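What follows is the content of start_16.cif (mmCIF, C-alpha atoms).
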```cif
data_run
#
loop_
_atom_site.label_atom_id
_atom_site.label_comp_id
_atom_site.auth_asym_id
_atom_site.auth_seq_id
_atom_site.Cartn_x
_atom_site.Cartn_y
_atom_site.Cartn_z
CA MET G 1 0.00 0.00 0.00
CA HIS G 2 2.44 2.64 -1.24
CA GLU G 3 -0.37 5.19 -1.62
CA PHE G 4 0.24 6.38 1.95
CA SER G 5 3.92 7.05 1.16
CA LEU G 6 2.94 8.87 -2.03
CA ALA G 7 0.33 10.98 -0.24
CA SER G 8 2.95 11.87 2.40
CA ALA G 9 5.44 12.85 -0.30
CA ILE G 10 2.81 15.00 -2.03
CA VAL G 11 1.90 16.78 1.23
CA GLU G 12 5.55 17.42 2.13
CA GLN G 13 6.25 18.91 -1.30
CA VAL G 14 3.10 21.07 -1.21
CA LYS G 15 3.96 22.30 2.31
CA GLU G 16 7.15 23.79 0.85
CA ILE G 17 5.19 25.48 -1.94
CA ILE G 18 2.72 26.94 0.59
CA GLU G 19 5.65 28.24 2.63
CA GLU G 20 7.42 29.67 -0.40
CA HIS G 21 4.34 31.62 -1.50
CA LYS G 22 3.26 32.46 2.06
CA ALA G 23 -0.17 31.06 1.18
CA ILE G 24 -3.11 30.93 3.57
CA ARG G 25 -3.99 27.44 2.35
CA VAL G 26 -3.95 25.14 -0.65
CA LYS G 27 -7.33 24.66 -2.33
CA LYS G 28 -6.45 22.08 -4.96
CA ILE G 29 -3.49 19.87 -5.83
CA SER G 30 -3.43 18.35 -9.31
CA ILE G 31 -1.23 15.33 -9.83
CA SER G 32 -0.79 13.16 -12.91
CA ALA G 33 0.02 9.47 -13.03
CA GLY G 34 0.30 6.68 -15.55
CA PRO G 35 -0.43 2.95 -15.19
CA TYR G 36 3.08 1.96 -14.09
CA GLU G 37 2.67 3.83 -10.80
CA LEU G 38 0.14 1.20 -9.72
CA ILE G 39 -1.99 3.71 -7.84
CA ILE G 40 -5.38 2.85 -6.42
CA PRO G 41 -7.10 6.27 -6.52
CA ASP G 42 -9.41 5.64 -3.52
CA LEU G 43 -6.48 4.57 -1.34
CA LEU G 44 -4.52 7.67 -2.37
CA GLN G 45 -7.50 9.90 -1.53
CA ASP G 46 -8.04 8.18 1.84
CA SER G 47 -4.34 8.51 2.69
CA PHE G 48 -4.37 12.17 1.71
CA LYS G 49 -7.39 12.81 3.97
CA ILE G 50 -5.78 11.02 6.92
CA ILE G 51 -2.50 12.91 6.56
CA THR G 52 -4.07 16.35 6.09
CA ASP G 53 -6.91 15.90 8.58
CA GLU G 54 -5.54 18.30 11.15
CA LEU G 55 -3.45 20.51 8.87
CA GLU G 56 -5.03 23.95 8.74
CA LYS G 57 -3.24 24.84 5.49
CA PHE G 58 -4.86 21.82 3.79
CA ARG G 59 -8.39 22.50 5.11
CA GLU G 60 -10.97 21.42 2.49
CA SER G 61 -8.23 20.95 -0.10
CA VAL G 62 -8.92 18.68 -3.06
CA LEU G 63 -6.49 16.17 -4.53
CA GLU G 64 -7.12 15.76 -8.24
CA LEU G 65 -5.61 12.73 -10.00
CA ILE G 66 -5.20 13.06 -13.75
CA ARG G 67 -4.69 9.73 -15.49
CA LYS G 68 -2.18 9.74 -18.32
CA PRO G 69 -1.26 7.01 -20.79
CA ALA G 70 1.88 4.97 -20.27
CA ARG G 71 5.05 6.18 -21.93
CA ILE G 72 8.09 4.13 -22.91
CA THR G 73 11.43 4.65 -24.60
CA CYS G 74 12.60 1.65 -26.60
CA LEU G 75 16.21 0.74 -25.90
CA GLU G 76 16.35 -1.19 -29.21
CA CYS G 77 15.00 1.36 -31.70
CA ASP G 78 14.75 4.63 -29.68
CA TYR G 79 10.95 4.85 -30.11
CA ASN G 80 9.42 7.18 -27.55
CA GLY G 81 5.70 7.21 -26.85
CA GLU G 82 2.87 4.97 -25.80
CA PRO G 83 3.42 1.19 -25.69
CA ASP G 84 1.97 -1.20 -28.25
CA SER G 85 -1.79 -0.55 -28.44
CA GLU G 86 -2.41 -4.26 -28.95
CA GLY G 87 -1.15 -4.87 -25.44
CA ASP G 88 1.02 -7.66 -24.16
CA GLU G 89 -0.58 -11.07 -23.78
CA GLU G 90 2.27 -12.44 -21.71
CA PHE G 91 2.90 -9.87 -19.00
CA ALA G 92 0.51 -8.11 -16.63
CA PHE G 93 1.79 -4.71 -17.75
CA ASN G 94 2.36 -3.59 -21.28
CA PHE G 95 5.71 -1.99 -22.02
CA LYS G 96 6.17 -3.43 -25.49
CA CYS G 97 7.51 -1.21 -28.27
CA PRO G 98 4.92 -0.78 -31.06
CA GLU G 99 7.68 -0.21 -33.63
CA CYS G 100 9.99 -3.20 -33.13
CA GLY G 101 8.12 -5.37 -30.59
CA SER G 102 10.92 -5.26 -28.02
CA ARG G 103 10.15 -5.34 -24.31
CA ASP G 104 13.60 -3.91 -23.61
CA THR G 105 12.15 -0.50 -22.89
CA HIS G 106 12.61 2.20 -20.32
CA ILE G 107 9.32 2.92 -18.59
CA ASP G 108 8.77 6.53 -17.65
CA ARG G 109 7.88 6.65 -13.98
CA SER G 110 8.68 10.33 -13.49
CA TYR G 111 5.12 10.63 -14.69
CA LEU G 112 3.84 10.76 -11.13
CA THR G 113 4.00 14.51 -11.08
CA ILE G 114 2.53 17.39 -9.13
CA GLU G 115 1.22 19.37 -12.07
CA SER G 116 -0.13 22.42 -10.25
CA VAL G 117 -1.48 23.74 -6.99
CA ASP G 118 -4.24 26.30 -6.44
CA LEU G 119 -3.30 28.52 -3.52
CA GLU G 120 -5.28 30.99 -1.49
CA LEU G 121 -3.00 33.96 -0.96
CA PRO G 122 -3.37 37.01 1.24
CA SER G 123 -4.34 40.06 -0.79
CA MET P 124 -9.90 39.50 1.46
CA SER P 125 -7.72 36.91 -0.21
CA GLN P 126 -6.85 35.99 -3.75
CA GLU P 127 -6.36 32.71 -5.60
CA LYS P 128 -3.40 31.74 -7.68
CA LYS P 129 -2.63 28.60 -9.71
CA ILE P 130 1.04 27.65 -9.45
CA SER P 131 2.47 25.38 -12.12
CA VAL P 132 4.75 22.85 -10.40
CA ARG P 133 5.44 19.99 -12.85
CA GLU P 134 7.72 18.18 -10.47
CA THR P 135 7.79 14.46 -9.75
CA VAL P 136 6.41 13.35 -6.40
CA TYR P 137 9.57 11.28 -5.95
CA LYS P 138 11.88 14.29 -6.31
CA LYS P 139 12.97 14.56 -2.66
CA ASN P 140 13.51 10.81 -2.41
CA ASP P 141 15.32 10.63 -5.76
CA ASP P 142 17.61 13.57 -4.91
CA LEU P 143 18.57 12.02 -1.57
CA ALA P 144 19.06 8.59 -3.19
CA GLU P 145 21.39 10.13 -5.76
CA GLU P 146 23.34 11.81 -2.98
CA ILE P 147 23.74 8.46 -1.16
CA ARG P 148 24.80 6.75 -4.40
CA LYS P 149 27.42 9.41 -5.22
CA ASN P 150 28.78 9.45 -1.68
CA MET P 151 29.15 5.66 -1.64
CA LYS P 152 30.79 5.65 -5.06
CA ASN P 153 33.22 8.42 -4.14
CA LYS P 154 34.25 6.45 -1.07
CA GLY P 155 34.72 3.28 -3.14
CA LYS P 156 31.89 1.43 -1.42
CA LEU P 157 29.44 -1.06 -2.94
CA PHE P 158 25.75 -0.77 -2.12
CA PHE P 159 23.14 -3.33 -3.21
CA ASN P 160 19.36 -3.29 -2.72
CA ILE P 161 17.71 -6.72 -2.47
CA MET P 162 13.98 -6.82 -3.13
CA GLY P 163 11.49 -9.67 -3.31
CA SER P 164 8.35 -11.18 -1.86
CA ILE P 165 7.88 -12.31 1.71
CA GLY P 166 9.32 -15.81 1.87
CA ALA P 167 11.37 -15.59 -1.33
CA GLY P 168 14.50 -16.35 0.65
CA LYS P 169 16.15 -12.91 0.81
CA THR P 170 17.34 -13.31 4.39
CA LEU P 171 18.81 -16.78 3.84
CA LEU P 172 20.54 -15.52 0.68
CA LEU P 173 22.03 -12.67 2.73
CA GLU P 174 23.13 -15.18 5.36
CA ASN P 175 24.95 -17.07 2.58
CA LEU P 176 26.53 -13.84 1.33
CA ALA P 177 27.53 -12.88 4.87
CA VAL P 178 29.31 -16.21 5.37
CA LYS P 179 31.21 -15.92 2.08
CA LEU P 180 32.00 -12.20 2.19
CA SER P 181 32.72 -11.52 5.86
CA THR P 182 36.14 -13.19 5.78
CA HIS P 183 37.39 -10.65 3.25
CA TYR P 184 35.09 -7.65 3.52
CA ARG P 185 33.42 -5.54 6.18
CA VAL P 186 29.73 -5.93 5.43
CA PHE P 187 26.83 -3.82 6.68
CA VAL P 188 23.26 -5.03 6.16
CA ILE P 189 20.18 -2.84 6.60
CA ASN P 190 17.07 -4.98 7.02
CA GLY P 191 13.63 -3.58 6.41
CA ASP P 192 10.56 -5.14 7.95
CA ILE P 193 7.32 -3.86 9.39
CA ALA P 194 8.25 -5.22 12.83
CA THR P 195 10.72 -7.46 14.74
CA THR P 196 14.50 -7.81 14.43
CA ILE P 197 14.35 -11.45 13.34
CA ASP P 198 16.04 -10.93 9.97
CA ALA P 199 18.80 -8.64 11.21
CA ASP P 200 19.51 -11.04 14.11
CA ARG P 201 19.76 -14.02 11.74
CA ILE P 202 22.27 -12.29 9.49
CA ALA P 203 24.28 -10.81 12.37
CA LYS P 204 25.05 -14.34 13.58
CA HIS P 205 27.42 -14.68 10.62
CA GLY P 206 29.77 -11.97 11.76
CA VAL P 207 28.49 -8.96 9.87
CA LYS P 208 27.05 -5.73 11.21
CA THR P 209 23.30 -5.39 10.79
CA VAL P 210 20.60 -2.89 11.64
CA GLN P 211 16.88 -3.45 11.50
CA ILE P 212 14.54 -0.74 10.29
CA ASN P 213 10.96 -1.29 11.43
CA THR P 214 8.67 0.59 9.09
CA GLY P 215 5.55 0.15 11.24
CA GLY P 216 3.20 -0.55 8.39
CA GLY P 217 5.32 0.86 5.59
CA CYS P 218 5.70 -1.56 2.71
CA HIS P 219 9.09 -0.37 1.39
CA LEU P 220 12.34 1.29 2.38
CA ASN P 221 13.20 4.72 1.01
CA ALA P 222 16.26 6.96 0.74
CA ASN P 223 15.40 8.88 3.89
CA LEU P 224 15.26 5.73 6.05
CA ILE P 225 18.61 4.60 4.64
CA ALA P 226 20.24 8.02 5.09
CA LYS P 227 19.20 8.07 8.76
CA GLU P 228 20.88 4.71 9.38
CA LEU P 229 24.02 5.68 7.47
CA GLU P 230 24.31 8.84 9.60
CA LYS P 231 24.62 6.67 12.70
CA ILE P 232 27.72 4.81 11.46
CA ASN P 233 31.07 5.68 9.94
CA ILE P 234 30.71 4.57 6.31
CA ASP P 235 34.49 4.10 6.11
CA ASP P 236 34.24 1.27 8.64
CA PHE P 237 32.58 -0.90 5.95
CA ASP P 238 33.25 -2.04 2.38
CA ILE P 239 29.95 -3.50 1.16
CA PHE P 240 26.41 -2.44 2.05
CA PHE P 241 23.18 -4.35 1.47
CA THR P 242 19.58 -3.50 2.11
CA GLU P 243 17.04 -6.24 2.48
CA ASN P 244 13.93 -4.36 1.45
CA VAL P 245 10.50 -5.04 2.96
CA GLY P 246 9.01 -8.20 1.43
CA ASN P 247 6.90 -6.92 -1.44
CA LEU P 248 7.07 -7.03 -5.24
CA ILE P 249 5.12 -3.81 -5.85
CA CYS P 250 5.92 -0.88 -3.58
CA PRO P 251 9.75 -1.02 -3.33
CA ALA P 252 10.01 -0.70 -7.12
CA ALA P 253 9.39 3.03 -7.20
CA TRP P 254 11.43 4.10 -4.18
CA ASP P 255 15.12 4.51 -4.94
CA VAL P 256 17.22 3.77 -1.84
CA GLY P 257 20.49 4.99 -3.37
CA ALA P 258 21.95 1.57 -4.17
CA GLN P 259 24.27 1.07 -7.11
CA MET P 260 22.45 -2.10 -8.10
CA ASN P 261 18.98 -3.55 -7.54
CA ILE P 262 18.43 -7.27 -7.21
CA VAL P 263 15.01 -8.93 -7.36
CA VAL P 264 14.60 -12.33 -5.73
CA VAL P 265 11.73 -14.61 -6.68
CA SER P 266 11.45 -18.23 -5.66
CA ILE P 267 10.06 -21.08 -7.70
CA THR P 268 7.52 -21.87 -4.96
CA GLU P 269 5.81 -18.54 -5.73
CA GLY P 270 4.46 -20.15 -8.88
CA GLU P 271 5.23 -19.93 -12.56
CA TYR P 272 3.38 -16.64 -13.09
CA VAL P 273 5.17 -14.50 -10.50
CA VAL P 274 7.39 -12.66 -13.01
CA LYS P 275 4.54 -12.23 -15.51
CA LYS P 276 2.41 -10.65 -12.79
CA HIS P 277 5.11 -8.34 -11.43
CA PRO P 278 7.34 -7.30 -14.32
CA ILE P 279 7.72 -3.65 -13.29
CA ILE P 280 10.02 -4.29 -10.34
CA PHE P 281 12.43 -6.05 -12.72
CA LYS P 282 12.74 -2.96 -14.92
CA ASP P 283 15.14 -1.26 -12.49
CA ALA P 284 16.97 -4.45 -11.53
CA GLU P 285 20.29 -5.65 -12.87
CA ILE P 286 20.10 -9.14 -11.37
CA ALA P 287 17.13 -11.52 -11.09
CA ILE P 288 17.62 -14.33 -8.62
CA ILE P 289 15.45 -17.41 -9.08
CA ASN P 290 15.71 -18.99 -5.65
CA LYS P 291 14.81 -22.37 -4.15
CA CYS P 292 16.10 -24.13 -7.27
CA ASP P 293 16.83 -27.21 -5.15
CA LEU P 294 13.08 -27.83 -5.52
CA ASP P 295 13.29 -27.74 -9.32
CA GLY P 296 11.43 -30.70 -10.77
CA LEU P 297 9.64 -31.45 -7.51
CA GLY P 298 6.43 -29.88 -8.76
CA PHE P 299 8.14 -26.53 -9.41
CA ASP P 300 9.80 -25.20 -12.52
CA SER P 301 12.60 -22.62 -12.63
CA GLN P 302 12.85 -22.46 -16.42
CA VAL P 303 9.76 -20.36 -17.10
CA LEU P 304 10.81 -17.81 -14.45
CA GLU P 305 14.31 -17.60 -15.93
CA GLU P 306 12.87 -17.05 -19.41
CA ASP P 307 10.38 -14.41 -18.25
CA ALA P 308 12.99 -12.44 -16.28
CA SER P 309 15.25 -12.44 -19.36
CA LYS P 310 12.46 -11.11 -21.59
CA ILE P 311 11.83 -7.97 -19.52
CA LYS P 312 15.23 -6.44 -19.96
CA SER P 313 18.22 -7.27 -22.12
CA GLY P 314 21.40 -7.75 -20.17
CA MET P 315 19.52 -8.94 -17.10
CA LYS P 316 21.68 -11.40 -15.20
CA VAL P 317 19.40 -14.29 -14.25
CA ILE P 318 20.81 -16.70 -11.69
CA CYS P 319 19.29 -19.85 -10.22
CA THR P 320 20.16 -20.23 -6.59
CA SER P 321 19.32 -22.29 -3.58
CA ALA P 322 19.99 -20.41 -0.39
CA LYS P 323 19.44 -23.73 1.35
CA THR P 324 22.12 -25.77 -0.47
CA GLY P 325 24.39 -22.90 -1.52
CA GLN P 326 23.77 -23.51 -5.23
CA GLY P 327 24.51 -20.44 -7.35
CA ILE P 328 25.78 -18.27 -4.49
CA ASP P 329 29.24 -17.92 -6.07
CA ASP P 330 27.59 -16.91 -9.36
CA PHE P 331 25.52 -14.34 -7.45
CA ILE P 332 28.65 -12.86 -5.85
CA GLU P 333 30.35 -12.74 -9.26
CA ALA P 334 27.30 -10.96 -10.75
CA LEU P 335 27.53 -8.38 -7.97
CA GLY P 336 31.07 -7.69 -9.18
CA ILE P 337 32.63 -8.74 -5.88
CA GLU P 338 35.90 -10.63 -5.99
CA ILE P 339 36.75 -13.07 -3.26
CA PRO P 340 40.51 -13.47 -3.09
CA ARG P 341 41.62 -17.09 -3.30
CA ASP P 342 43.22 -18.38 -0.13
CA GLU P 343 47.00 -18.58 -0.28
#
```

Reformat the file's structure so that it appears as structure tokens.
Amino acid sequence: MHEFSLASAIVEQVKEIIEEHKAIRVKKISISAGPYELIIPDLLQDSFKIITDELEKFRESVLELIRKPARITCLECDYNGEPDSEGDEEFAFNFKCPECGSRDTHIDRSYLTIESVDLELPS
Amino acid sequence: MSQEKKISVRETVYKKNDDLAEEIRKNMKNKGKLFFNIMGSIGAGKTLLLENLAVKLSTHYRVFVINGDIATTIDADRIAKHGVKTVQINTGGGCHLNANLIAKELEKINIDDFDIFFTENVGNLICPAAWDVGAQMNIVVVSITEGEYVVKKHPIIFKDAEIAIINKCDLDGLGFDSQVLEEDASKIKSGMKVICTSAKTGQGIDDFIEALGIEIPRDE
């Protein structure tokens, strides 16, 4: 259940942003993730609620999860983009190159990204 | 009155962990140390493999093992019996180690007192995959008793690994089959070193040590 660790990491990073901008509170946090992050959205939301429950700067804040398609870079033919749309019958996750069929691909996990935060600032 | 502002961040959630992991990796490399992260399911045989490594390596190297588990010091105690220094991290309920947990343990020791470092990650084939601990090499251990589909179900953890250990190969043919696991692990990544071991009989342990790039000087 790595969602709790991820929610903690998100909150720690957003705390720094709140501090940097001297914000009153954060209203919304938008994060993006692809299928390789293996995130269960409900568990992430529950973890976020537990962690921020008593944090005044996160009062009524919303965590928005934007799903993005998987992205690979083929180490055989340098293809960069989505994996083979026909999927992979053998493995539980598809990281097959659509150009040359290789599974020797780099999977982009930096995808789990804080895209933006909506802050309430003092006027 | 207050105002609202959208701030574009576009930064990975793992940034803090990844930065710290990179710092650990560089520091270890600069000091000429080796640091390996061993991952695998509960019951795959990680601790017994580390006991085997401890026996073989401790006569020539100063070894430090960081064990991760939700509770107890059972694993660290087992490995410590073989003459190496161990420390147990209890994560509470946490299902993986991370760079911060490792950094805290490394701060408590003098890194120069040791040559080779291992982490035995929390038993899990999912969560440890994304959390860099700062090791120079990741090793995934699966055992043939986990069934023939274990690699097919959990390929992602193998993506960042350099070595796949197929353990409990002494049971090969006794209702279990190592071949399909070896083939699957090889398909995920070219250059993956796939080694069949038995932590129980010692089979493949020398090959494992060789794959780690560790030389054991021959006795005079």

Inset, instruction - With the file shown as input, list the residues that the PyMOL selection byres ((chain G) within 6 of (chain P)) selects, as an MDAnalysis selection string. - result: chainID G and resid 2 10 91:92 103:104 110 112:123

Inset, instruction - Have a look at atom CA of Ala258 of chain P and atom CA of Val207 of chain P and let me know their distance in Å, one decimal. - result: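 It comes out at 18.7 Å.
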
Inset, instruction - Measure the distance from atom CA of Val11 of chain G to atom CA of Phe58 of chain G in Å and round it to one decimal. - result: 8.8 Å

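The two atoms in question, atom CA of Val263 of chain P and atom CA of Ser301 of chain P, are spaced 14.9 Å apart.
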
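Here the PyMOL selection byres ((chain P and resi 164-178) around 6) captures the residues Gly163, Lys179, Leu180, Ser181, Ile202, His205, Gly246, Asn247, Leu248, Val265, Ser266 and Ala322 of chain P.
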
So what does the PyMOL selection byres ((chain G and resi 38-54) around 10) actually pick up in this one, as a JSON list (two decimals) with C-alpha atoms, keeping the file's coordinate frame?
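Resulting contents of expr_24.json:
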```json
[["chain", "number", "residue", "atom", "x", "y", "z"],
["G", 1, "MET", "CA", 0.00, 0.00, 0.00],
["G", 2, "HIS", "CA", 2.44, 2.64, -1.24],
["G", 3, "GLU", "CA", -0.37, 5.19, -1.62],
["G", 4, "PHE", "CA", 0.24, 6.38, 1.95],
["G", 5, "SER", "CA", 3.92, 7.05, 1.16],
["G", 6, "LEU", "CA", 2.94, 8.87, -2.03],
["G", 7, "ALA", "CA", 0.33, 10.98, -0.24],
["G", 8, "SER", "CA", 2.95, 11.87, 2.40],
["G", 10, "ILE", "CA", 2.81, 15.00, -2.03],
["G", 11, "VAL", "CA", 1.90, 16.78, 1.23],
["G", 33, "ALA", "CA", 0.02, 9.47, -13.03],
["G", 34, "GLY", "CA", 0.30, 6.68, -15.55],
["G", 35, "PRO", "CA", -0.43, 2.95, -15.19],
["G", 36, "TYR", "CA", 3.08, 1.96, -14.09],
["G", 37, "GLU", "CA", 2.67, 3.83, -10.80],
["G", 55, "LEU", "CA", -3.45, 20.51, 8.87],
["G", 56, "GLU", "CA", -5.03, 23.95, 8.74],
["G", 57, "LYS", "CA", -3.24, 24.84, 5.49],
["G", 58, "PHE", "CA", -4.86, 21.82, 3.79],
["G", 59, "ARG", "CA", -8.39, 22.50, 5.11],
["G", 60, "GLU", "CA", -10.97, 21.42, 2.49],
["G", 61, "SER", "CA", -8.23, 20.95, -0.10],
["G", 62, "VAL", "CA", -8.92, 18.68, -3.06],
["G", 63, "LEU", "CA", -6.49, 16.17, -4.53],
["G", 64, "GLU", "CA", -7.12, 15.76, -8.24],
["G", 65, "LEU", "CA", -5.61, 12.73, -10.00],
["G", 67, "ARG", "CA", -4.69, 9.73, -15.49],
["G", 112, "LEU", "CA", 3.84, 10.76, -11.13],
["P", 249, "ILE", "CA", 5.12, -3.81, -5.85],
["P", 250, "CYS", "CA", 5.92, -0.88, -3.58],
["P", 253, "ALA", "CA", 9.39, 3.03, -7.20],
["P", 279, "ILE", "CA", 7.72, -3.65, -13.29]]
```

Inset, instruction - Tell me which of P:Gln211, P:Leu335, P:Ala284, P:Cys319 sits closest to Val303 of chain P, counting only C-alpha atoms. - result: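 Result for the nearest residue to Val303 of chain P: P:Cys319.
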
Inset, instruction - Would you mind listing what lies within 7 Å of Lys96 of chain G as number ranges by chain, with all atoms listed in the file counted and same-chain residues fewer than 5 positions away left out? - result: G: 83-84, 88, 101-103

Inset, instruction - Name the residues in contact with Ile267 of chain P at a cut-off of 7 Å, using only C-alpha atoms, excluding same-chain residues fewer than 4 positions from it; report them as a PyMOL selection string. - result: chain P and resi 271+289-292+299-301

Legend entry - Spatial neighbours of Ile107 of chain G, 8 Å, only C-alpha atoms, chain gap at least 2 places, as a PyMOL selection string: (chain G and resi 36+70-73+95+105+109) or (chain P and resi 282)

Inset, instruction - Would you mind telling me which residue in P:Glu243, P:Glu145, P:Glu285, P:Asp255 lies nearest to Ile189 of chain P when using all atoms listed in the file? - result: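 Between P:Glu243, P:Glu145, P:Glu285, P:Asp255, the residue approaching Ile189 of chain P most closely is P:Glu243.
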
Inset, instruction - Choose the residue, out of G:Asn80, G:Pro98, G:Val14, G:Lys68, that has the smallest atom-to-atom separation from Ser32 of chain G; count only C-alpha atoms. - result: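 Closest to Ser32 of chain G of all the choices is G:Lys68.
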